[in-house]
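> Supplied structure: entry.csv, CSV, N, CA and C atoms.
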```csv
chain,number,residue,atom,x,y,z
A,147,MET,N,27.0,-18.4,-7.5
A,147,MET,CA,26.0,-18.2,-6.5
A,147,MET,C,25.2,-16.9,-6.7
A,148,ARG,N,23.8,-17.1,-6.7
A,148,ARG,CA,23.0,-15.9,-6.9
A,148,ARG,C,22.2,-15.5,-5.7
A,149,ALA,N,22.2,-16.3,-4.6
A,149,ALA,CA,21.4,-15.9,-3.5
A,149,ALA,C,21.9,-16.7,-2.3
A,150,VAL,N,21.7,-16.1,-1.1
A,150,VAL,CA,22.1,-16.7,0.2
A,150,VAL,C,20.9,-16.7,1.1
A,151,LEU,N,20.5,-17.9,1.6
A,151,LEU,CA,19.4,-18.1,2.5
A,151,LEU,C,20.1,-18.4,3.9
A,152,LEU,N,19.6,-17.7,4.9
A,152,LEU,CA,20.1,-17.8,6.2
A,152,LEU,C,19.1,-18.3,7.2
A,153,ASP,N,19.5,-19.3,8.0
A,153,ASP,CA,18.7,-19.5,9.2
A,153,ASP,C,18.8,-18.4,10.1
A,154,ARG,N,18.0,-18.2,11.1
A,154,ARG,CA,18.1,-17.0,12.0
A,154,ARG,C,18.7,-17.4,13.3
A,155,ASP,N,18.0,-18.1,14.2
A,155,ASP,CA,18.5,-18.5,15.5
A,155,ASP,C,19.7,-19.4,15.4
A,156,GLY,N,20.8,-19.0,16.0
A,156,GLY,CA,22.0,-19.7,16.0
A,156,GLY,C,23.0,-19.4,14.8
A,157,VAL,N,22.5,-18.6,13.9
A,157,VAL,CA,23.3,-18.2,12.7
A,157,VAL,C,23.4,-16.6,12.8
A,158,LEU,N,22.3,-15.9,13.0
A,158,LEU,CA,22.4,-14.5,13.1
A,158,LEU,C,22.4,-14.0,14.5
A,159,ASN,N,21.6,-14.6,15.3
A,159,ASN,CA,21.4,-14.2,16.7
A,159,ASN,C,21.6,-15.4,17.7
A,160,ILE,N,21.8,-15.0,18.9
A,160,ILE,CA,21.9,-16.0,20.0
A,160,ILE,C,20.6,-16.8,20.1
A,161,ASN,N,20.7,-18.1,20.1
A,161,ASN,CA,19.5,-19.0,20.3
A,161,ASN,C,19.2,-19.1,21.7
A,162,ARG,N,18.2,-18.5,22.2
A,162,ARG,CA,17.9,-18.5,23.7
A,162,ARG,C,17.0,-19.6,24.1
A,163,PRO,N,17.2,-20.2,25.2
A,163,PRO,CA,16.2,-21.1,25.8
A,163,PRO,C,14.9,-20.3,26.0
A,164,GLY,N,13.8,-20.9,25.7
A,164,GLY,CA,12.6,-20.2,25.9
A,164,GLY,C,12.2,-19.2,24.7
A,165,TYR,N,13.0,-19.2,23.7
A,165,TYR,CA,12.8,-18.5,22.5
A,165,TYR,C,13.1,-17.0,22.6
A,166,VAL,N,13.4,-16.4,21.5
A,166,VAL,CA,13.5,-14.9,21.3
A,166,VAL,C,12.1,-14.5,21.2
A,167,ARG,N,11.5,-13.8,22.2
A,167,ARG,CA,10.1,-13.5,22.1
A,167,ARG,C,9.8,-12.0,22.1
A,168,SER,N,10.9,-11.1,22.1
A,168,SER,CA,10.7,-9.7,22.0
A,168,SER,C,11.9,-9.1,21.4
A,169,PRO,N,11.8,-7.9,20.9
A,169,PRO,CA,13.1,-7.2,20.4
A,169,PRO,C,14.1,-7.1,21.4
A,170,ASP,N,13.8,-7.0,22.7
A,170,ASP,CA,14.8,-6.9,23.7
A,170,ASP,C,15.6,-8.2,23.9
A,171,ASP,N,15.0,-9.3,23.5
A,171,ASP,CA,15.6,-10.6,23.6
A,171,ASP,C,16.6,-10.8,22.5
A,172,TRP,N,16.5,-10.0,21.4
A,172,TRP,CA,17.4,-10.2,20.2
A,172,TRP,C,18.8,-9.8,20.6
A,173,GLU,N,19.8,-10.7,20.3
A,173,GLU,CA,21.2,-10.4,20.5
A,173,GLU,C,22.0,-11.0,19.3
A,174,TRP,N,22.6,-10.2,18.6
A,174,TRP,CA,23.4,-10.6,17.4
A,174,TRP,C,24.5,-11.5,17.9
A,175,LEU,N,24.8,-12.6,17.1
A,175,LEU,CA,26.0,-13.3,17.3
A,175,LEU,C,27.2,-12.5,16.9
A,176,PRO,N,28.4,-12.6,17.6
A,176,PRO,CA,29.5,-11.9,17.2
A,176,PRO,C,29.9,-12.2,15.7
A,177,GLY,N,30.1,-11.1,15.0
A,177,GLY,CA,30.4,-11.2,13.6
A,177,GLY,C,29.3,-11.4,12.6
A,178,ALA,N,28.1,-11.6,13.1
A,178,ALA,CA,27.0,-11.9,12.2
A,178,ALA,C,26.6,-10.7,11.4
A,179,ARG,N,26.5,-9.5,12.0
A,179,ARG,CA,26.2,-8.3,11.2
A,179,ARG,C,27.2,-8.0,10.2
A,180,THR,N,28.5,-8.2,10.5
A,180,THR,CA,29.6,-7.9,9.6
A,180,THR,C,29.5,-8.9,8.4
A,181,GLY,N,29.3,-10.2,8.7
A,181,GLY,CA,29.1,-11.2,7.7
A,181,GLY,C,27.9,-10.9,6.8
A,182,TYR,N,26.8,-10.6,7.4
A,182,TYR,CA,25.6,-10.2,6.6
A,182,TYR,C,26.0,-9.0,5.7
A,183,GLY,N,26.6,-8.0,6.2
A,183,GLY,CA,27.0,-6.8,5.4
A,183,GLY,C,27.9,-7.2,4.2
A,184,LEU,N,28.8,-8.1,4.4
A,184,LEU,CA,29.7,-8.5,3.3
A,184,LEU,C,28.9,-9.2,2.2
A,185,LEU,N,28.0,-10.1,2.6
A,185,LEU,CA,27.1,-10.7,1.6
A,185,LEU,C,26.3,-9.7,0.9
A,186,ALA,N,25.7,-8.8,1.6
A,186,ALA,CA,24.8,-7.8,1.0
A,186,ALA,C,25.7,-6.9,0.0
A,187,ALA,N,26.9,-6.5,0.5
A,187,ALA,CA,27.7,-5.7,-0.3
A,187,ALA,C,28.2,-6.3,-1.6
A,188,ALA,N,28.2,-7.7,-1.6
A,188,ALA,CA,28.5,-8.4,-2.8
A,188,ALA,C,27.4,-8.5,-3.8
A,189,GLY,N,26.2,-7.9,-3.4
A,189,GLY,CA,25.1,-7.8,-4.3
A,189,GLY,C,24.2,-9.0,-4.3
A,190,LEU,N,24.4,-9.9,-3.3
A,190,LEU,CA,23.6,-11.1,-3.3
A,190,LEU,C,22.3,-10.9,-2.6
A,191,PRO,N,21.2,-11.3,-3.3
A,191,PRO,CA,19.9,-11.3,-2.6
A,191,PRO,C,20.0,-12.2,-1.4
A,192,LEU,N,19.4,-11.7,-0.3
A,192,LEU,CA,19.5,-12.5,1.0
A,192,LEU,C,18.1,-12.7,1.5
A,193,ALA,N,17.9,-13.9,2.1
A,193,ALA,CA,16.6,-14.3,2.7
A,193,ALA,C,16.9,-14.9,4.1
A,194,VAL,N,16.1,-14.6,5.1
A,194,VAL,CA,16.2,-15.3,6.3
A,194,VAL,C,15.0,-16.2,6.4
A,195,ILE,N,15.2,-17.5,6.7
A,195,ILE,CA,14.2,-18.5,6.8
A,195,ILE,C,14.3,-19.1,8.2
A,196,THR,N,13.2,-19.1,8.9
A,196,THR,CA,13.3,-19.5,10.3
A,196,THR,C,12.0,-20.1,10.8
A,197,ASN,N,12.2,-21.3,11.5
A,197,ASN,CA,11.1,-21.9,12.2
A,197,ASN,C,10.8,-21.1,13.5
A,198,GLN,N,9.6,-20.8,13.7
A,198,GLN,CA,9.2,-20.0,14.9
A,198,GLN,C,8.0,-20.6,15.6
A,199,SER,N,8.2,-21.8,16.1
A,199,SER,CA,7.1,-22.6,16.7
A,199,SER,C,6.5,-21.9,18.0
A,200,ALA,N,7.2,-20.9,18.5
A,200,ALA,CA,6.7,-20.2,19.7
A,200,ALA,C,5.3,-19.6,19.4
A,201,ILE,N,5.1,-19.2,18.1
A,201,ILE,CA,3.8,-18.7,17.7
A,201,ILE,C,2.7,-19.9,17.8
A,202,GLY,N,3.0,-21.0,17.2
A,202,GLY,CA,2.1,-22.1,17.3
A,202,GLY,C,1.9,-22.7,18.7
A,203,ARG,N,2.8,-22.4,19.6
A,203,ARG,CA,2.7,-22.9,21.0
A,203,ARG,C,2.0,-21.9,21.8
A,204,GLY,N,1.6,-20.7,21.2
A,204,GLY,CA,0.9,-19.7,22.0
A,204,GLY,C,1.8,-18.8,22.9
A,205,LEU,N,3.1,-18.9,22.7
A,205,LEU,CA,4.1,-18.1,23.5
A,205,LEU,C,4.3,-16.7,23.1
A,206,MET,N,4.0,-16.5,21.8
A,206,MET,CA,4.1,-15.1,21.2
A,206,MET,C,3.2,-15.0,20.0
A,207,THR,N,3.0,-13.8,19.5
A,207,THR,CA,2.1,-13.6,18.4
A,207,THR,C,3.0,-13.3,17.2
A,208,SER,N,2.3,-13.3,16.0
A,208,SER,CA,3.1,-12.9,14.8
A,208,SER,C,3.4,-11.4,14.9
A,209,SER,N,2.7,-10.6,15.6
A,209,SER,CA,3.0,-9.2,15.7
A,209,SER,C,4.3,-9.1,16.6
A,210,HIS,N,4.5,-9.9,17.6
A,210,HIS,CA,5.7,-9.9,18.3
A,210,HIS,C,6.9,-10.3,17.4
A,211,LEU,N,6.7,-11.3,16.6
A,211,LEU,CA,7.8,-11.7,15.7
A,211,LEU,C,8.1,-10.6,14.7
A,212,ASP,N,7.1,-10.0,14.2
A,212,ASP,CA,7.3,-8.8,13.2
A,212,ASP,C,8.1,-7.8,13.9
A,213,ALA,N,7.9,-7.5,15.2
A,213,ALA,CA,8.7,-6.5,15.9
A,213,ALA,C,10.2,-6.9,16.0
A,214,ILE,N,10.4,-8.2,16.3
A,214,ILE,CA,11.7,-8.7,16.4
A,214,ILE,C,12.4,-8.6,15.0
A,215,HIS,N,11.7,-8.9,14.0
A,215,HIS,CA,12.3,-8.8,12.6
A,215,HIS,C,12.5,-7.4,12.2
A,216,ALA,N,11.7,-6.5,12.7
A,216,ALA,CA,11.9,-5.0,12.4
A,216,ALA,C,13.1,-4.6,13.1
A,217,ARG,N,13.4,-5.1,14.3
A,217,ARG,CA,14.7,-4.7,15.0
A,217,ARG,C,15.9,-5.2,14.2
A,218,MET,N,15.8,-6.5,13.8
A,218,MET,CA,16.9,-7.1,13.0
A,218,MET,C,17.1,-6.3,11.8
A,219,THR,N,16.1,-6.0,11.0
A,219,THR,CA,16.2,-5.2,9.8
A,219,THR,C,16.7,-3.8,10.0
A,220,ALA,N,16.3,-3.1,11.1
A,220,ALA,CA,16.7,-1.8,11.4
A,220,ALA,C,18.2,-1.8,11.7
A,221,ASP,N,18.7,-2.8,12.4
A,221,ASP,CA,20.2,-2.9,12.6
A,221,ASP,C,20.9,-3.0,11.3
A,222,LEU,N,20.4,-3.9,10.4
A,222,LEU,CA,21.1,-4.1,9.2
A,222,LEU,C,21.1,-2.9,8.3
A,223,THR,N,20.0,-2.2,8.2
A,223,THR,CA,19.9,-1.0,7.4
A,223,THR,C,20.8,0.1,8.0
A,224,ALA,N,20.9,0.2,9.3
A,224,ALA,CA,21.7,1.1,10.0
A,224,ALA,C,23.2,0.9,9.6
A,225,ASP,N,23.5,-0.3,9.3
A,225,ASP,CA,24.9,-0.7,8.8
A,225,ASP,C,25.1,-0.4,7.4
A,226,GLY,N,24.0,0.0,6.7
A,226,GLY,CA,24.1,0.2,5.2
A,226,GLY,C,23.8,-1.0,4.4
A,227,ALA,N,23.3,-2.1,5.0
A,227,ALA,CA,23.0,-3.3,4.2
A,227,ALA,C,21.6,-3.3,3.8
A,228,ALA,N,21.3,-3.9,2.6
A,228,ALA,CA,20.0,-4.1,2.2
A,228,ALA,C,19.3,-5.1,3.1
A,229,PRO,N,18.0,-4.9,3.4
A,229,PRO,CA,17.3,-5.8,4.3
A,229,PRO,C,17.0,-7.2,3.6
A,230,PRO,N,16.9,-8.2,4.3
A,230,PRO,CA,16.6,-9.5,3.7
A,230,PRO,C,15.1,-9.7,3.5
A,231,HIS,N,14.8,-10.7,2.7
A,231,HIS,CA,13.4,-11.2,2.7
A,231,HIS,C,13.4,-12.0,4.0
A,232,VAL,N,12.3,-11.9,4.7
A,232,VAL,CA,12.2,-12.7,5.9
A,232,VAL,C,10.9,-13.6,5.8
A,233,LEU,N,11.2,-14.9,6.0
A,233,LEU,CA,10.1,-15.9,5.9
A,233,LEU,C,10.2,-16.7,7.2
A,234,TYR,N,9.0,-17.1,7.7
A,234,TYR,CA,9.0,-17.9,8.9
A,234,TYR,C,7.8,-18.9,8.9
A,235,CYS,N,8.0,-19.9,9.6
A,235,CYS,CA,7.0,-20.9,9.8
A,235,CYS,C,6.5,-20.8,11.2
A,236,PRO,N,5.2,-20.5,11.5
A,236,PRO,CA,4.7,-20.4,12.8
A,236,PRO,C,4.3,-21.7,13.5
A,237,HIS,N,4.4,-22.8,12.7
A,237,HIS,CA,3.8,-24.0,13.2
A,237,HIS,C,4.7,-24.8,14.1
A,238,THR,N,4.0,-25.7,14.9
A,238,THR,CA,4.8,-26.6,15.7
A,238,THR,C,5.2,-27.8,14.9
A,239,PRO,N,6.2,-28.6,15.3
A,239,PRO,CA,6.6,-29.7,14.5
A,239,PRO,C,5.4,-30.7,14.3
A,240,GLU,N,4.5,-30.8,15.2
A,240,GLU,CA,3.4,-31.7,15.1
A,240,GLU,C,2.4,-31.4,14.0
A,241,ALA,N,2.4,-30.1,13.6
A,241,ALA,CA,1.5,-29.7,12.5
A,241,ALA,C,1.8,-30.3,11.2
A,242,ALA,N,3.0,-30.8,11.0
A,242,ALA,CA,3.4,-31.4,9.7
A,242,ALA,C,3.1,-30.6,8.5
A,243,CYS,N,3.4,-29.3,8.6
A,243,CYS,CA,3.1,-28.3,7.5
A,243,CYS,C,4.2,-28.4,6.4
A,244,ALA,N,3.9,-27.8,5.3
A,244,ALA,CA,4.9,-27.8,4.2
A,244,ALA,C,6.0,-26.8,4.4
A,245,CYS,N,5.8,-25.8,5.3
A,245,CYS,CA,6.8,-24.7,5.4
A,245,CYS,C,7.9,-25.0,6.4
A,246,ARG,N,7.6,-25.8,7.4
A,246,ARG,CA,8.6,-25.9,8.5
A,246,ARG,C,9.8,-26.8,8.1
A,247,LYS,N,11.0,-26.2,8.3
A,247,LYS,CA,12.2,-27.0,7.9
A,247,LYS,C,12.2,-28.2,8.8
A,248,PRO,N,12.5,-29.4,8.3
A,248,PRO,CA,13.3,-29.6,7.1
A,248,PRO,C,12.5,-29.7,5.8
A,249,ARG,N,11.2,-29.5,5.9
A,249,ARG,CA,10.4,-29.5,4.6
A,249,ARG,C,10.9,-28.2,3.8
A,250,PRO,N,10.8,-28.3,2.5
A,250,PRO,CA,11.4,-27.2,1.7
A,250,PRO,C,10.5,-26.0,1.4
A,251,GLY,N,9.3,-25.9,2.0
A,251,GLY,CA,8.4,-24.8,1.6
A,251,GLY,C,9.0,-23.4,1.7
A,252,MET,N,9.7,-23.1,2.8
A,252,MET,CA,10.3,-21.7,2.9
A,252,MET,C,11.5,-21.6,2.0
A,253,VAL,N,12.2,-22.6,1.8
A,253,VAL,CA,13.4,-22.5,0.9
A,253,VAL,C,12.9,-22.2,-0.5
A,254,LEU,N,11.8,-22.9,-1.0
A,254,LEU,CA,11.3,-22.7,-2.3
A,254,LEU,C,10.7,-21.3,-2.5
A,255,ARG,N,10.0,-20.8,-1.4
A,255,ARG,CA,9.5,-19.4,-1.5
A,255,ARG,C,10.7,-18.4,-1.5
A,256,ALA,N,11.7,-18.7,-0.7
A,256,ALA,CA,12.9,-17.7,-0.7
A,256,ALA,C,13.5,-17.7,-2.1
A,257,LEU,N,13.6,-18.9,-2.7
A,257,LEU,CA,14.2,-18.9,-4.1
A,257,LEU,C,13.4,-18.1,-5.0
A,258,THR,N,12.1,-18.2,-4.9
A,258,THR,CA,11.2,-17.4,-5.8
A,258,THR,C,11.5,-15.9,-5.5
A,259,LEU,N,11.5,-15.5,-4.3
A,259,LEU,CA,11.7,-14.1,-3.9
A,259,LEU,C,13.1,-13.5,-4.4
A,260,THR,N,14.1,-14.4,-4.3
A,260,THR,CA,15.4,-13.9,-4.7
A,260,THR,C,15.7,-14.1,-6.2
A,261,GLY,N,14.9,-14.8,-6.9
A,261,GLY,CA,15.1,-15.1,-8.3
A,261,GLY,C,16.2,-16.1,-8.6
A,262,ALA,N,16.5,-16.9,-7.6
A,262,ALA,CA,17.6,-17.9,-7.8
A,262,ALA,C,17.0,-19.3,-8.0
A,263,ALA,N,17.7,-20.1,-8.8
A,263,ALA,CA,17.4,-21.5,-8.9
A,263,ALA,C,18.0,-22.2,-7.8
A,264,PRO,N,17.5,-23.4,-7.5
A,264,PRO,CA,18.1,-24.2,-6.4
A,264,PRO,C,19.7,-24.3,-6.4
A,265,HIS,N,20.2,-24.6,-7.6
A,265,HIS,CA,21.6,-24.8,-7.8
A,265,HIS,C,22.4,-23.5,-7.7
A,266,GLU,N,21.7,-22.3,-7.6
A,266,GLU,CA,22.4,-21.0,-7.6
A,266,GLU,C,22.4,-20.4,-6.2
A,267,ALA,N,21.9,-21.2,-5.2
A,267,ALA,CA,21.8,-20.6,-3.9
A,267,ALA,C,22.4,-21.5,-2.8
A,268,VAL,N,22.8,-20.9,-1.7
A,268,VAL,CA,23.3,-21.7,-0.6
A,268,VAL,C,22.5,-21.3,0.6
A,269,LEU,N,22.3,-22.3,1.5
A,269,LEU,CA,21.6,-22.1,2.8
A,269,LEU,C,22.6,-22.3,3.9
A,270,ILE,N,22.7,-21.3,4.8
A,270,ILE,CA,23.6,-21.3,5.9
A,270,ILE,C,22.7,-21.6,7.1
A,271,GLY,N,23.0,-22.7,7.8
A,271,GLY,CA,22.2,-23.1,9.0
A,271,GLY,C,23.1,-23.7,10.0
A,272,ASP,N,22.4,-24.0,11.2
A,272,ASP,CA,23.2,-24.6,12.3
A,272,ASP,C,22.6,-25.9,12.8
A,273,HIS,N,21.5,-26.4,12.1
A,273,HIS,CA,20.9,-27.7,12.5
A,273,HIS,C,20.8,-28.6,11.3
A,274,GLU,N,20.7,-29.9,11.5
A,274,GLU,CA,20.5,-30.8,10.5
A,274,GLU,C,19.2,-30.5,9.7
A,275,SER,N,18.2,-30.0,10.3
A,275,SER,CA,16.9,-29.6,9.6
A,275,SER,C,17.2,-28.6,8.5
A,276,ASP,N,18.1,-27.7,8.8
A,276,ASP,CA,18.5,-26.7,7.7
A,276,ASP,C,19.1,-27.4,6.5
A,277,LEU,N,20.0,-28.3,6.8
A,277,LEU,CA,20.7,-29.0,5.7
A,277,LEU,C,19.7,-29.9,4.9
A,278,ARG,N,18.8,-30.5,5.6
A,278,ARG,CA,17.8,-31.3,5.0
A,278,ARG,C,16.9,-30.5,4.1
A,279,ALA,N,16.5,-29.3,4.6
A,279,ALA,CA,15.7,-28.4,3.8
A,279,ALA,C,16.4,-27.9,2.5
A,280,ALA,N,17.7,-27.7,2.7
A,280,ALA,CA,18.5,-27.2,1.5
A,280,ALA,C,18.6,-28.4,0.5
```
Any chance you could give the structure as structure tokens?


Amino acid sequence: MRAVLLDRDGVLNINRPGYVRSPDDWEWLPGARTGYGLLAAAGLPLAVITNQSAIGRGLMTSSHLDAIHARMTADLTADGAAPPHVLYCPHTPEAACACRKPRPGMVLRALTLTGAAPHEAVLIGDHESDLRAA
């Protein structure tokens, strides 16, 4: 294995009804920071790939999402872990874009960023759409 791709909501943080829309809404799942740190310490390139339709629905902006991801990254680097590549799809399911999981757009981009071939990576997710994207 040469890379690990992680879904965000429900894997790293608590998946809130109404979306995680600010850094104050971000809450790590128990053990997620430790698990991330172990993967990073093993020298594996890591990427977070996440559908974020709250942007497409007009419930938040990409700047809000950037602030959430800055919080996530700051927590990880405070733990001594290398930050992940972070990729997101801002579109609603109705947009039928190439990047929204279960389509493979973000997975393919993450593989390019990590330098891993598809058979050299694993995707950790909590929905069937994650598995289908993988």

> Choose the residue, out of A:Cys235, A:Leu254, A:Ala224, A:Ala262, that has the smallest atom-to-atom separation from Arg179 (chain A); count only C-alpha atoms.

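The shortest atom-to-atom distance to Arg179 (chain A) comes from A:Ala224.
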
> Tell me, in Å to one decimal, how far CA of Leu211 (chain A) is from CA of Ala178 (chain A).

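We find that CA of Leu211 (chain A) and CA of Ala178 (chain A) lie 19.5 Å from each other.
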
> Between A:Ala279, A:Cys243, A:Ser168, A:Thr258, single out the one closest to His215 (chain A), counting all atoms listed in the file.

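When distances to His215 (chain A) are compared using all atoms listed in the file, the smallest one comes from A:Ser168.
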
> With only N, CA and C atoms as the basis for distance, which of A:His273, A:Glu173, A:Ala228, A:Tyr165 is at the shortest distance from Ala186 (chain A)?

A:Ala228

> Report the residues of region 156-205 of chain A whose backbone DSSP state falls under strand (DSSP E or B), written as a ChimeraX atom specification.

/A:159,174,192-197

> Enter the distance from CA of Ala193 (chain A) to CA of Ala241 (chain A), in Å, rounded to one decimal.

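Those two atoms sit 23.7 Å apart.
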
> Give the answer as one residue: which of A:Arg278, A:Arg246, A:His265, A:His237 has the shortest atom-to-atom distance to Met147 (chain A), using all atoms listed in the file?

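Checking each of A:Arg278, A:Arg246, A:His265, A:His237 against Met147 (chain A), counting all atoms listed in the file, the winner is A:His265.
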
> Find the residues near Leu175 (chain A): any atom within 8 Å, counting only N, CA and C atoms, skip ones fewer than 6 places away on the same chain, and give them as a list in words.

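Here the qualifying residues turn out to be Gly156, Val157, Leu158, Asn159, Ile160 and Asn161 of chain A.
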
> Write the residues of the preceding selection, restricted to N, CA and C atoms, as a PDB file, in the coordinates of the input.


```pdb
ATOM      1  N   GLY A 156      20.800 -19.000  16.000  1.00  0.00           N
ATOM      2  CA  GLY A 156      22.000 -19.700  16.000  1.00  0.00           C
ATOM      3  C   GLY A 156      23.000 -19.400  14.800  1.00  0.00           C
ATOM      4  N   VAL A 157      22.500 -18.600  13.900  1.00  0.00           N
ATOM      5  CA  VAL A 157      23.300 -18.200  12.700  1.00  0.00           C
ATOM      6  C   VAL A 157      23.400 -16.600  12.800  1.00  0.00           C
ATOM      7  N   LEU A 158      22.300 -15.900  13.000  1.00  0.00           N
ATOM      8  CA  LEU A 158      22.400 -14.500  13.100  1.00  0.00           C
ATOM      9  C   LEU A 158      22.400 -14.000  14.500  1.00  0.00           C
ATOM     10  N   ASN A 159      21.600 -14.600  15.300  1.00  0.00           N
ATOM     11  CA  ASN A 159      21.400 -14.200  16.700  1.00  0.00           C
ATOM     12  C   ASN A 159      21.600 -15.400  17.700  1.00  0.00           C
ATOM     13  N   ILE A 160      21.800 -15.000  18.900  1.00  0.00           N
ATOM     14  CA  ILE A 160      21.900 -16.000  20.000  1.00  0.00           C
ATOM     15  C   ILE A 160      20.600 -16.800  20.100  1.00  0.00           C
ATOM     16  N   ASN A 161      20.700 -18.100  20.100  1.00  0.00           N
ATOM     17  CA  ASN A 161      19.500 -19.000  20.300  1.00  0.00           C
ATOM     18  C   ASN A 161      19.200 -19.100  21.700  1.00  0.00           C
TER      19      ASN A 161
END
```

> Give me, please, the distance in Å between atom N of Asp221 (chain A) and atom C of Leu184 (chain A), quoted to one decimal.

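A separation of 15.8 Å between them.
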
> From the DSSP assignment of the backbone, select every residue of region 210-247 of chain A that is alpha helix (DSSP H), and format the answer as a ChimeraX atom specification.

/A:210-224

> Env of Pro169 (chain A): 8 Å cut, atoms = all atoms listed in the file, seq-sep filter 4 positions within chain, self excluded. Answer as a ChimeraX atom specification.

/A:173,210-218
